Amino acid sequence: MNAQPDLDFIKYLKSAGGDTLKKCYQCATCSVVCPLSTDSKPFPRKEMIWAQWGLKDKLVADPDIFLCHQCGDCTAYCPRGAKPGDVLGAIRAFAYTHYGWPSGLAKLASSSKGLPMLVAIPAVIIFVLWLVSGGLVVPSQADFATHGYQQFFGHWDFYWLSKNVFYIDVIMLCAAGLAVFSVYKGALSMWKGMKEHSGIQSTFRPTIVQFTTEFLWPSIIEIVRHTRFRECKTNIDRIQGHLPLMLSFIGLFIVTVWSATANDVLALIPSFHFLHGPMSVWNPVKILANVSAIAMIVGVGILWSNRSRKEKEEGTKGSFYDWFLIWLIMAVGASGLLAEIARWAGLAAPGYVIYYVHLVTVMMLFMYMPYTKFAHLVFRTLAMAFEKYRESPYGKNTLNT
Amino acid sequence: MTDEQGASGAILVVGGGISGLTSALEAAEVGNDVFLVEKNAYFGGRVAQLNQYFPKLCPPSCGLEINFKRVKDNRRIRPFTMTTVKTVTGGPGNYEVTLETAPRYVNSNCTACGECTAACPDEIDNDFNLGMDKCKAAYLPHEMAFPRRYVINKAALSVAGAEAVKAACKYNAVDLEMKPETKVIKVSAIIWATGWTPYDPTKMDNLKFGQSKAIVTNMMIERMAAPGGPTDGAIIRPGDGKQPESFAFVQCAGSRDENHLEFCSYICCMATFKQMTYIRERYPEAKIYVFYIDLRTPGKYEKFREKLMDDKNSTFIKGKVAEIIPELDGGVTVVAENAVTGEKIRQKVDMAVLATGMQPSLAVQGAPVSLNMDKSGFIISEPEKGMISAGCARKAADVVTTNQSSTAAALKAIQISRRS
């Protein structure tokens with residue numbers, strides 16, 4: 001066998017938390033103690049040797065690297081301190097960069113060296129647009145009390161699309177659009193890769209409806225229930241952080257969709273004009289937004305403290321890949337909540353600065369989603385759907401068996 | 001030997017197993033005075049507990065017996081059983097060592113007639129058989145025990161038991177008033193041949209030792225297979241006595257594992273192959289599954305491995321057992337990933353044998369004096385200080401290697417004694 005190990009790949013894994021990789025001696029304890037690995041396709045032993053050999057093509061097309069929830073049971077029982085859980089995390093980090101498009105942006109998001117640029121891009125874009133919009137003035141106390149941040153980018157008398165919404169849409173829809181396109185490209189390429197490497201030569205293809213109802217939806221149910229997370233033993237306390245965080249994202253997603261619909265569509269109907277403008281604190285949507293925001297901060301705070309504690313206990317240094325998302329979510333949550341508090345307090349000038357920071361962090365969250373740990377949202381879901389697909393009749397050659 | 005405290009140039013050997021016996025004899029037979037101390041009531045150590053041992057698959061009587069005879073015949077060796085080292089002061093060439101001998105409650109009048117055992121009503125766990133059966137509180141440690149003298153476990157003796165034992169002895173050998181004795185000796189060098197202890201299998205929580213009678217250790221198999229053992233040579237499942245139709249050997253149970261013993265215990269692969277021969281003698285058709293990381297059979301042991309790997313009822317699986325599930329029928333299911341095929345195996349067997357490794361005894365008990373030890377508890381020799389390690393106190397090894405290092409240790413000790 002002629003193996004061409006990719007040294008850069010191995011170097012990358014070491015930098016992303018997989019520095020213990022070479023200690024593995026293939027005893028396969030990990031695959032047995034892993035509560036999530038199946039009998040027919042156990043992991044993470046095989047991933048450990050592929051990674052040692054630098055077989056990155058095999059790894060990025062391996063659904064098992066995403067089925068891993070980093071329970072840490074393998075790491076706890078590993079006789080060599082090879083930390084398979086952390087190595088698989090590093091492989092996932094590599095996969096996000098690998099599937100990321102455009103690749104320059106994906107590379108930028110893969111190490112702390114890119115951090116200044118990662119912040120600067122949205123900061124400059126939003127600042128320039130803020131400048132161009134003419135909204136860069138501190139509003140009067142009265143205006144701030146009536147409109148809140150609704151005239152952050154100024155105001156025009158074009159009824160069908162308020163100036164603020166126009167600017168926010170330009171920024172966020174572009175950022176989200178790029179992310180959606182990138183992650184769609186990545187997901188498609190991953191699915192193809194997974195299919196190829198699994199040796200599936202299926203005779204039949206599921207329709208989109210079948211794919212959704214039979215593979216995707218059951219996976220989403222599993223994710224929402226945290227079914228697999230609950231199998232973990234060593235890192236079981238992560239659920240306390242991850243569950244509220246995930247629910248807060250779902251809550252905020254609903255809030256965002258509603259706000260966009262209410263502000264940009266429904267409010268155009270003359271009798272629904274009142275939907276413009278800041279919501280009352282007692283508006284159910286606002287309540288959901290505030291509860292979600294607090295859940296977000298609490299959830300990510302728990303994950304933050306768990307991770308710091310673990311690093312302290314094990315004497316390991318955290319990787320940028322692990323910390324970036326935690327920092328970012330914390331920044332989004334904290335700036336959002338602070339902006340709201342500033343509005344209640346009537347502090348216009350600080351409020352506007354905080355709101356600017358909030359916009360920058362939200363844009364970062366959207367735009368870098370495919371390249372950061374946030375991408376697991378899509379890739380893990382897809383891998384779980386693939387696992388179900390692989391086991392289904394569609395994943396088997398039912399004619400020639 | 002010229003005086004009780006030892007002439008100048010005497011050597012102390014701590015530990016009376018195969019390693020300590022070898023060191024003591026090698027040194028004494030070239031003319032050095034030797035104190036040989038052993039904490040058990042008998043000499044022979046772990047080898048005495050085996051059914052057969054390498055390289056020739058001899059019973060332990062072969063090898064130990066000749067050594068016992070050499071010890072008996074050699075007036076330069078002063079053997080002490082039930083004795084431990086308390087303190088060491090001084091320096092190389094001039095050590096002063098305090099020894100403490102625990103009371104045996106049986107004096108030198110004992111003729112090993114066995115009347116006290118017959119009369120004793122009280123029972124204790126038989127340590128020699130790893131607690132698999134009971135013995136009387138007045139007992140001979142094992143059939144081949146040397147010195148051939150009974151021992152009494154006074155703490156386990158009832159008042160009636162004490163009376164009965166005393167009354168049964170015709171030779172006035174029972175002395176329940178015996179006290180611990182200390183003794184100070186002068187030696188020029190100390191050989192540490194403190195040996196090993198089977199690693200505590202309950203420490204591997206995923207292997208569930210103690211939760212099913214079907215899970216045994218390799219040392220338990222040795223005792224079962226031995227003629228004088230708890231089952232008189234039958235390999236049966238403890239508890240229900242079933243004759244197993246299938247066995248799983250769990251290699252590296254606690255060895256090569258930084259959570260347990262981080263070193264390779266060296267002997268467990270060969271012990272497993274050897275125990276496969278015990279099983280074959282008793283159950284020619286039994287299925288044997290050996291789960292391993294690597295099979296380490298150095299040198300000429302390779303031939304032995306090849307022979308046993310040809311056995312048609314034996315299967316070798318590359319993959320460490322990381323979970324054992326006790327089953328309702330008394331058997332167990334062992335779980336491993338076959339690293340060659342990449343599939344998980346769940347093998348139901350009647351008996352699982354944990355090939356546990358050897359932990360240096362001083363790592364378990366603690367050293368009586370400050371010794372240069374590695375982090376696993378193996379003693380690193382410091383000949384310049386007159387502290388020399390031998391056998392499994394030095395590194396995990398088989399009997400052949402142990403004897404080589406014991407001879408080497410004797411030579412070092414002799415050099416120090418002649419220098420001073």
# chains A, B, ... in the order shown; residues from 1 in each chain; ligands from 1
call {"tool": "interface_residues", "arguments": {"of": "chain B", "to": "chain A", "cutoff": "6 Å", "atoms": "only C-alpha atoms", "output": "PDB file with C-alpha atoms, in the first residue's frame"}}
result
ATOM      1  CA  ASP B 257      -2.567   1.670  30.521  1.00  0.00           C
ATOM      2  CA  GLU B 258      -1.656   5.015  32.021  1.00  0.00           C
ATOM      3  CA  ILE B 293      -3.486  -5.404  21.588  1.00  0.00           C
ATOM      4  CA  GLY B 319      -8.760  -5.562  20.063  1.00  0.00           C
ATOM      5  CA  LYS B 320      -8.814  -4.886  23.754  1.00  0.00           C
ATOM      6  CA  ALA B 322     -13.167  -2.746  27.231  1.00  0.00           C
ATOM      7  CA  ALA B 336     -14.199  -5.541  21.920  1.00  0.00           C
ATOM      8  CA  GLU B 337     -13.654  -3.993  18.537  1.00  0.00           C
ATOM      9  CA  GLU B 343     -16.446  -4.504  13.725  1.00  0.00           C
ATOM     10  CA  LYS B 344     -17.493  -4.774  17.311  1.00  0.00           C
TER      11      LYS B 344
END
call {"tool": "residues_around", "arguments": {"residues": "Phe128 (chain B)", "least_positions_apart": "3", "cutoff": "12 Å", "atoms": "only C-alpha atoms", "output": "PyMOL selection string"}}
result
chain B and resi 40-42+44-50+124-125+131-135+139-145+219-220+222-224+226+228-230
call {"tool": "write_last_selection", "arguments": {"atoms": "N, CA and C atoms", "output": "tab-separated table (two decimals), in the first residue's frame"}}
result
chain	number	residue	atom	x	y	z
B	40	ASN	N	6.39	-13.23	54.05
B	40	ASN	CA	5.46	-14.35	54.20
B	40	ASN	C	6.03	-15.39	55.17
B	41	ALA	N	5.21	-16.40	55.47
B	41	ALA	CA	5.66	-17.46	56.38
B	41	ALA	C	6.44	-18.53	55.63
B	42	TYR	N	6.62	-18.35	54.35
B	42	TYR	CA	7.30	-19.38	53.54
B	42	TYR	C	8.13	-18.69	52.46
B	44	GLY	N	9.70	-18.79	48.44
B	44	GLY	CA	9.24	-19.27	47.12
B	44	GLY	C	8.41	-18.25	46.37
B	45	GLY	N	7.80	-17.31	47.11
B	45	GLY	CA	7.13	-16.18	46.47
B	45	GLY	C	6.06	-16.57	45.46
B	46	ARG	N	5.95	-15.77	44.43
B	46	ARG	CA	4.91	-15.98	43.41
B	46	ARG	C	5.09	-17.28	42.65
B	47	VAL	N	6.34	-17.68	42.42
B	47	VAL	CA	6.59	-18.91	41.66
B	47	VAL	C	5.92	-20.09	42.37
B	48	ALA	N	5.95	-20.08	43.70
B	48	ALA	CA	5.35	-21.19	44.45
B	48	ALA	C	3.86	-21.30	44.19
B	49	GLN	N	3.24	-20.19	43.79
B	49	GLN	CA	1.79	-20.20	43.55
B	49	GLN	C	1.41	-20.69	42.16
B	50	LEU	N	2.40	-20.80	41.29
B	50	LEU	CA	2.08	-21.17	39.90
B	50	LEU	C	1.85	-22.67	39.78
B	124	ILE	N	-10.03	-19.34	58.04
B	124	ILE	CA	-9.70	-18.02	57.46
B	124	ILE	C	-9.64	-18.18	55.94
B	125	ASP	N	-9.68	-17.03	55.23
B	125	ASP	CA	-9.48	-17.07	53.77
B	125	ASP	C	-8.08	-17.57	53.48
B	131	GLY	N	-7.73	-16.43	48.19
B	131	GLY	CA	-9.05	-16.33	48.81
B	131	GLY	C	-10.12	-17.18	48.17
B	132	MET	N	-9.74	-18.10	47.29
B	132	MET	CA	-10.76	-18.92	46.62
B	132	MET	C	-11.30	-20.02	47.52
B	133	ASP	N	-10.58	-20.34	48.59
B	133	ASP	CA	-11.11	-21.32	49.54
B	133	ASP	C	-10.69	-20.90	50.95
B	134	LYS	N	-11.05	-21.71	51.91
B	134	LYS	CA	-10.72	-21.41	53.30
B	134	LYS	C	-9.66	-22.38	53.78
B	135	CYS	N	-8.93	-21.96	54.80
B	135	CYS	CA	-8.05	-22.91	55.49
B	135	CYS	C	-8.21	-22.66	56.98
B	139	TYR	N	-2.25	-23.49	60.35
B	139	TYR	CA	-2.13	-24.06	59.00
B	139	TYR	C	-0.69	-24.10	58.52
B	140	LEU	N	-0.48	-24.94	57.53
B	140	LEU	CA	0.77	-24.93	56.77
B	140	LEU	C	0.43	-24.12	55.52
B	141	PRO	N	1.18	-23.03	55.21
B	141	PRO	CA	0.76	-22.14	54.13
B	141	PRO	C	0.44	-22.88	52.82
B	142	HIS	N	1.24	-23.83	52.47
B	142	HIS	CA	0.92	-24.66	51.30
B	142	HIS	C	1.72	-25.95	51.38
B	143	GLU	N	1.38	-26.86	50.51
B	143	GLU	CA	1.95	-28.22	50.57
B	143	GLU	C	3.47	-28.25	50.62
B	144	MET	N	4.08	-27.31	49.83
B	144	MET	CA	5.52	-27.39	49.66
B	144	MET	C	6.24	-26.37	50.54
B	145	ALA	N	5.51	-25.85	51.54
B	145	ALA	CA	6.05	-24.71	52.29
B	145	ALA	C	7.41	-25.01	52.90
B	219	MET	N	-3.93	-15.36	37.75
B	219	MET	CA	-3.34	-16.02	38.92
B	219	MET	C	-4.34	-16.99	39.55
B	220	MET	N	-5.64	-16.66	39.46
B	220	MET	CA	-6.64	-17.61	39.97
B	220	MET	C	-6.64	-18.89	39.14
B	222	GLU	N	-4.01	-20.13	37.69
B	222	GLU	CA	-2.83	-20.88	38.12
B	222	GLU	C	-3.14	-21.71	39.37
B	223	ARG	N	-3.80	-21.06	40.33
B	223	ARG	CA	-4.12	-21.79	41.56
B	223	ARG	C	-5.10	-22.92	41.30
B	224	MET	N	-6.10	-22.67	40.44
B	224	MET	CA	-7.07	-23.74	40.15
B	224	MET	C	-6.40	-24.92	39.46
B	226	ALA	N	-3.33	-25.82	39.73
B	226	ALA	CA	-2.28	-26.47	40.53
B	226	ALA	C	-2.86	-27.65	41.31
B	228	GLY	N	-2.35	-28.79	44.27
B	228	GLY	CA	-2.73	-28.53	45.66
B	228	GLY	C	-3.66	-27.35	45.81
B	229	GLY	N	-4.24	-26.92	44.70
B	229	GLY	CA	-5.03	-25.69	44.73
B	229	GLY	C	-6.44	-25.90	45.27
B	230	PRO	N	-7.25	-24.87	45.21
B	230	PRO	CA	-8.58	-24.90	45.80
B	230	PRO	C	-9.52	-25.90	45.13
call {"tool": "atom_distance", "arguments": {"atom1": "CA of Lys348 (chain B)", "atom2": "CA of Phe209 (chain B)"}}
result
16.1 Å
call {"tool": "closest_atom_pairs", "arguments": {"of": "region 169-261 of chain A", "to": "region 349-370 of chain A", "cutoff": "6 Å", "atoms": "only C-alpha atoms", "output": "JSON lines"}}
result
{"residue": "A:Ala175", "atom": "CA", "partner": "A:Met367", "partner_atom": "CA", "distance": 4.7}
{"residue": "A:Ala176", "atom": "CA", "partner": "A:Phe366", "partner_atom": "CA", "distance": 5.2}
{"residue": "A:Ala179", "atom": "CA", "partner": "A:Met367", "partner_atom": "CA", "distance": 5.3}
{"residue": "A:Val183", "atom": "CA", "partner": "A:Pro370", "partner_atom": "CA", "distance": 5.4}
call {"tool": "write_last_selection", "arguments": {"atoms": "C-alpha atoms", "output": "short mmCIF file (atom, residue, chain, number, x, y, z; two decimals), in the first residue's frame"}}
result
data_model
loop_
_atom_site.label_atom_id
_atom_site.label_comp_id
_atom_site.auth_asym_id
_atom_site.auth_seq_id
_atom_site.Cartn_x
_atom_site.Cartn_y
_atom_site.Cartn_z
CA ALA A 175 -24.06 37.52 5.29
CA ALA A 176 -26.65 34.80 5.84
CA ALA A 179 -23.36 31.29 4.71
CA VAL A 183 -22.99 25.43 3.82
#
call {"tool": "atom_distance", "arguments": {"atom1": "CA of Asn107 (chain B)", "atom2": "CA of Val174 (chain B)"}}
result
6.5 Å
call {"tool": "residues_around", "arguments": {"residues": "region 64-77 of chain B", "least_positions_apart": "2", "cutoff": "8 Å", "atoms": "only C-alpha atoms", "output": "list in words"}}
result
Met1, Ile18, Leu21, Thr22, Ala24, Leu25, Ala28, Glu29, Gly31, Asn32, Asp33, Val34, Phe35, Leu36, Gly44, Ala48, Pro60, Ser61, Cys62, Pro79 and Phe146 of chain B
call {"tool": "atom_distance", "arguments": {"atom1": "CA of Ile388 (chain B)", "atom2": "CA of Ser361 (chain B)"}}
result
15.7 Å
call {"tool": "residues_around", "arguments": {"residues": "Asn218 (chain B)", "least_positions_apart": "4", "cutoff": "12 Å", "atoms": "only C-alpha atoms", "output": "ChimeraX atom specification"}}
result
/B:49-51,130,198-201,222-225,235,247-253,267-276,278,351-358
call {"tool": "write_last_selection", "arguments": {"atoms": "N, CA and C atoms", "output": "mmCIF file, in the first residue's frame"}}
result
data_model
loop_
_atom_site.group_PDB
_atom_site.id
_atom_site.type_symbol
_atom_site.label_atom_id
_atom_site.label_comp_id
_atom_site.auth_asym_id
_atom_site.auth_seq_id
_atom_site.Cartn_x
_atom_site.Cartn_y
_atom_site.Cartn_z
ATOM 1 N N GLN B 49 3.238 -20.189 43.791
ATOM 2 C CA GLN B 49 1.794 -20.200 43.555
ATOM 3 C C GLN B 49 1.412 -20.691 42.164
ATOM 4 N N LEU B 50 2.403 -20.804 41.287
ATOM 5 C CA LEU B 50 2.076 -21.171 39.901
ATOM 6 C C LEU B 50 1.848 -22.674 39.779
ATOM 7 N N ASN B 51 1.096 -23.023 38.746
ATOM 8 C CA ASN B 51 0.934 -24.443 38.433
ATOM 9 C C ASN B 51 2.158 -24.933 37.675
ATOM 10 N N LEU B 130 -5.453 -17.207 46.875
ATOM 11 C CA LEU B 130 -6.082 -15.943 46.508
ATOM 12 C C LEU B 130 -7.516 -15.852 47.028
ATOM 13 N N PRO B 198 -0.173 -9.158 42.089
ATOM 14 C CA PRO B 198 -1.110 -9.082 40.956
ATOM 15 C C PRO B 198 -1.902 -7.779 41.055
ATOM 16 N N TYR B 199 -2.027 -7.084 39.925
ATOM 17 C CA TYR B 199 -2.726 -5.799 39.937
ATOM 18 C C TYR B 199 -4.188 -6.017 40.337
ATOM 19 N N ASP B 200 -4.668 -5.147 41.198
ATOM 20 C CA ASP B 200 -6.036 -5.281 41.724
ATOM 21 C C ASP B 200 -7.066 -5.153 40.597
ATOM 22 N N PRO B 201 -7.736 -6.261 40.243
ATOM 23 C CA PRO B 201 -8.624 -6.231 39.060
ATOM 24 C C PRO B 201 -9.887 -5.394 39.279
ATOM 25 N N GLU B 222 -4.015 -20.126 37.688
ATOM 26 C CA GLU B 222 -2.825 -20.883 38.122
ATOM 27 C C GLU B 222 -3.137 -21.705 39.372
ATOM 28 N N ARG B 223 -3.804 -21.062 40.329
ATOM 29 C CA ARG B 223 -4.116 -21.787 41.559
ATOM 30 C C ARG B 223 -5.096 -22.925 41.297
ATOM 31 N N MET B 224 -6.103 -22.670 40.440
ATOM 32 C CA MET B 224 -7.069 -23.736 40.149
ATOM 33 C C MET B 224 -6.398 -24.916 39.465
ATOM 34 N N ALA B 225 -5.464 -24.601 38.572
ATOM 35 C CA ALA B 225 -4.822 -25.671 37.806
ATOM 36 C C ALA B 225 -3.813 -26.443 38.645
ATOM 37 N N ILE B 235 -10.232 -26.773 36.466
ATOM 38 C CA ILE B 235 -10.527 -25.384 36.096
ATOM 39 C C ILE B 235 -12.039 -25.292 35.941
ATOM 40 N N PHE B 247 -13.912 -19.910 26.848
ATOM 41 C CA PHE B 247 -13.093 -19.005 27.659
ATOM 42 C C PHE B 247 -12.740 -17.767 26.839
ATOM 43 N N ALA B 248 -12.686 -16.631 27.500
ATOM 44 C CA ALA B 248 -12.127 -15.440 26.851
ATOM 45 C C ALA B 248 -10.947 -14.975 27.690
ATOM 46 N N PHE B 249 -9.821 -14.763 27.033
ATOM 47 C CA PHE B 249 -8.675 -14.188 27.729
ATOM 48 C C PHE B 249 -8.612 -12.696 27.416
ATOM 49 N N VAL B 250 -8.592 -11.907 28.455
ATOM 50 C CA VAL B 250 -8.587 -10.453 28.305
ATOM 51 C C VAL B 250 -7.166 -9.972 28.575
ATOM 52 N N GLN B 251 -6.425 -9.743 27.501
ATOM 53 C CA GLN B 251 -5.015 -9.343 27.659
ATOM 54 C C GLN B 251 -4.910 -7.875 28.064
ATOM 55 N N CYS B 252 -3.761 -7.538 28.617
ATOM 56 C CA CYS B 252 -3.491 -6.145 29.039
ATOM 57 C C CYS B 252 -4.576 -5.619 29.968
ATOM 58 N N ALA B 253 -5.075 -6.478 30.847
ATOM 59 C CA ALA B 253 -6.085 -6.016 31.805
ATOM 60 C C ALA B 253 -5.377 -5.183 32.874
ATOM 61 N N ILE B 267 4.827 -10.697 31.106
ATOM 62 C CA ILE B 267 4.573 -12.133 31.202
ATOM 63 C C ILE B 267 3.149 -12.537 30.814
ATOM 64 N N CYS B 268 2.226 -11.558 30.721
ATOM 65 C CA CYS B 268 0.809 -11.939 30.618
ATOM 66 C C CYS B 268 0.477 -12.669 29.321
ATOM 67 N N CYS B 269 1.135 -12.303 28.215
ATOM 68 C CA CYS B 269 0.862 -13.001 26.952
ATOM 69 C C CYS B 269 1.275 -14.460 27.087
ATOM 70 N N MET B 270 2.486 -14.667 27.626
ATOM 71 C CA MET B 270 2.960 -16.047 27.776
ATOM 72 C C MET B 270 2.127 -16.794 28.813
ATOM 73 N N ALA B 271 1.700 -16.093 29.851
ATOM 74 C CA ALA B 271 0.859 -16.746 30.859
ATOM 75 C C ALA B 271 -0.425 -17.239 30.206
ATOM 76 N N THR B 272 -0.978 -16.430 29.324
ATOM 77 C CA THR B 272 -2.207 -16.834 28.644
ATOM 78 C C THR B 272 -1.972 -18.053 27.759
ATOM 79 N N PHE B 273 -0.884 -18.027 26.989
ATOM 80 C CA PHE B 273 -0.596 -19.204 26.150
ATOM 81 C C PHE B 273 -0.409 -20.446 27.014
ATOM 82 N N LYS B 274 0.287 -20.257 28.111
ATOM 83 C CA LYS B 274 0.514 -21.383 29.024
ATOM 84 C C LYS B 274 -0.823 -21.888 29.573
ATOM 85 N N GLN B 275 -1.684 -20.956 29.953
ATOM 86 C CA GLN B 275 -2.972 -21.371 30.527
ATOM 87 C C GLN B 275 -3.879 -21.990 29.477
ATOM 88 N N MET B 276 -3.648 -21.631 28.206
ATOM 89 C CA MET B 276 -4.388 -22.325 27.146
ATOM 90 C C MET B 276 -4.034 -23.812 27.136
ATOM 91 N N TYR B 278 -3.230 -25.501 29.806
ATOM 92 C CA TYR B 278 -3.949 -26.103 30.941
ATOM 93 C C TYR B 278 -5.370 -26.452 30.499
ATOM 94 N N MET B 351 -16.456 -18.272 30.839
ATOM 95 C CA MET B 351 -15.492 -17.751 31.798
ATOM 96 C C MET B 351 -14.582 -16.731 31.116
ATOM 97 N N ALA B 352 -14.347 -15.628 31.788
ATOM 98 C CA ALA B 352 -13.420 -14.623 31.261
ATOM 99 C C ALA B 352 -12.221 -14.544 32.190
ATOM 100 N N VAL B 353 -11.038 -14.634 31.594
ATOM 101 C CA VAL B 353 -9.808 -14.597 32.385
ATOM 102 C C VAL B 353 -9.124 -13.253 32.155
ATOM 103 N N LEU B 354 -8.993 -12.469 33.192
ATOM 104 C CA LEU B 354 -8.295 -11.195 33.071
ATOM 105 C C LEU B 354 -6.800 -11.452 33.207
ATOM 106 N N ALA B 355 -6.073 -11.142 32.149
ATOM 107 C CA ALA B 355 -4.619 -11.303 32.210
ATOM 108 C C ALA B 355 -4.051 -10.067 32.893
ATOM 109 N N THR B 356 -4.181 -10.048 34.212
ATOM 110 C CA THR B 356 -3.722 -8.872 34.956
ATOM 111 C C THR B 356 -2.208 -8.884 35.070
ATOM 112 N N GLY B 357 -1.686 -7.718 35.247
ATOM 113 C CA GLY B 357 -0.238 -7.578 35.225
ATOM 114 C C GLY B 357 0.386 -7.580 36.594
ATOM 115 N N MET B 358 1.692 -7.331 36.613
ATOM 116 C CA MET B 358 2.412 -7.338 37.884
ATOM 117 C C MET B 358 2.737 -5.921 38.311
#
call {"tool": "closest_residue", "arguments": {"among": "A:Thr212, A:Ser219, A:Ser133, A:Ser292", "to": "Leu377 (chain A)", "atoms": "only C-alpha atoms"}}
result
A:Ser219
call {"tool": "residues_around", "arguments": {"residues": "Tyr149 (chain A)", "least_positions_apart": "4", "cutoff": "10 Å", "atoms": "only C-alpha atoms", "output": "list of chain:residue names"}}
result
A:Pro139, A:Asp143, A:Phe144, A:Ala145, A:Phe153, A:Gly154, A:Asn164, A:Gly277, A:Pro278, A:Ala339, A:Glu340, A:Arg343, A:Ala348, A:Gly351, A:Tyr352, A:Tyr355, A:Tyr356
call {"tool": "select_by_dssp", "arguments": {"residues": "region 106-228 of chain A", "states": "alpha helix (DSSP H)", "output": "VMD selection string"}}
result
chain A and resid 106 to 108 115 to 133 141 to 147 163 to 197 208 to 210 217 to 225
call {"tool": "residues_around", "arguments": {"residues": "Thr315 (chain B)", "least_positions_apart": "2", "cutoff": "12 Å", "atoms": "only C-alpha atoms", "output": "list in words"}}
result
Ser246, Phe247, Ala248, Phe249, Met276, Ala286, Lys287, Ile288, Tyr289, Val290, Phe291, Tyr292, Leu308, Met309, Asp310, Asp311, Lys312, Asn313, Ile317, Lys318, Asn338 and Gln347 of chain B
call {"tool": "write_last_selection", "arguments": {"atoms": "N, CA and C atoms", "output": "tab-separated table (two decimals), in the first residue's frame"}}
result
chain	number	residue	atom	x	y	z
B	246	SER	N	-16.39	-22.45	27.12
B	246	SER	CA	-15.75	-21.36	26.37
B	246	SER	C	-15.04	-20.41	27.33
B	247	PHE	N	-13.91	-19.91	26.85
B	247	PHE	CA	-13.09	-19.00	27.66
B	247	PHE	C	-12.74	-17.77	26.84
B	248	ALA	N	-12.69	-16.63	27.50
B	248	ALA	CA	-12.13	-15.44	26.85
B	248	ALA	C	-10.95	-14.97	27.69
B	249	PHE	N	-9.82	-14.76	27.03
B	249	PHE	CA	-8.67	-14.19	27.73
B	249	PHE	C	-8.61	-12.70	27.42
B	276	MET	N	-3.65	-21.63	28.21
B	276	MET	CA	-4.39	-22.32	27.15
B	276	MET	C	-4.03	-23.81	27.14
B	286	ALA	N	-12.94	-27.13	24.20
B	286	ALA	CA	-13.43	-25.82	24.64
B	286	ALA	C	-13.00	-24.73	23.66
B	287	LYS	N	-13.89	-23.76	23.48
B	287	LYS	CA	-13.57	-22.61	22.62
B	287	LYS	C	-12.78	-21.60	23.44
B	288	ILE	N	-11.71	-21.11	22.85
B	288	ILE	CA	-10.90	-20.11	23.54
B	288	ILE	C	-10.79	-18.87	22.65
B	289	TYR	N	-11.09	-17.72	23.22
B	289	TYR	CA	-10.96	-16.46	22.49
B	289	TYR	C	-9.94	-15.60	23.22
B	290	VAL	N	-8.94	-15.16	22.50
B	290	VAL	CA	-7.90	-14.32	23.11
B	290	VAL	C	-8.00	-12.91	22.51
B	291	PHE	N	-8.28	-11.94	23.34
B	291	PHE	CA	-8.39	-10.55	22.90
B	291	PHE	C	-7.12	-9.82	23.30
B	292	TYR	N	-6.43	-9.25	22.33
B	292	TYR	CA	-5.11	-8.67	22.62
B	292	TYR	C	-4.91	-7.35	21.89
B	308	LEU	N	0.40	-22.59	19.69
B	308	LEU	CA	-0.95	-22.41	20.24
B	308	LEU	C	-1.87	-21.66	19.30
B	309	MET	N	-1.29	-20.85	18.43
B	309	MET	CA	-2.16	-20.14	17.48
B	309	MET	C	-2.68	-21.07	16.40
B	310	ASP	N	-2.06	-22.26	16.29
B	310	ASP	CA	-2.56	-23.25	15.34
B	310	ASP	C	-3.77	-24.01	15.88
B	311	ASP	N	-4.03	-23.87	17.14
B	311	ASP	CA	-5.14	-24.59	17.77
B	311	ASP	C	-6.45	-24.22	17.07
B	312	LYS	N	-7.17	-25.24	16.60
B	312	LYS	CA	-8.32	-24.93	15.74
B	312	LYS	C	-9.53	-24.44	16.53
B	313	ASN	N	-9.55	-24.66	17.82
B	313	ASN	CA	-10.68	-24.17	18.62
B	313	ASN	C	-10.37	-22.85	19.32
B	317	ILE	N	-8.22	-12.33	18.58
B	317	ILE	CA	-8.85	-11.10	18.10
B	317	ILE	C	-8.02	-9.91	18.52
B	318	LYS	N	-7.59	-9.12	17.53
B	318	LYS	CA	-6.82	-7.92	17.86
B	318	LYS	C	-7.79	-6.82	18.26
B	338	ASN	N	-12.84	-5.54	16.89
B	338	ASN	CA	-11.80	-6.20	16.12
B	338	ASN	C	-11.16	-5.14	15.23
B	347	GLN	N	-18.80	-11.38	22.49
B	347	GLN	CA	-18.60	-12.82	22.59
B	347	GLN	C	-19.08	-13.31	23.95
call {"tool": "closest_residue", "arguments": {"among": "B:Glu262, B:Glu327, B:Asp294, B:Asp398", "to": "Ser376 (chain B)", "atoms": "only C-alpha atoms"}}
result
B:Glu262
call {"tool": "select_by_dssp", "arguments": {"residues": "region 63-175 of chain B", "states": "strand (DSSP E or B)", "output": "NGL selection string"}}
result
:B and (77-80 or 83-91 or 94-101 or 106 or 123-125 or 134-136 or 138-139 or 151-152 or 174)
call {"tool": "closest_residue", "arguments": {"among": "B:Tyr105, B:Phe378, B:Tyr150, B:Trp192", "to": "Ala390 (chain B)", "atoms": "only C-alpha atoms"}}
result
B:Trp192
call {"tool": "closest_residue", "arguments": {"among": "A:Leu382, A:Leu275, A:Ile49, A:Val281", "to": "Val340 (chain B)", "atoms": "only C-alpha atoms"}}
result
A:Ile49
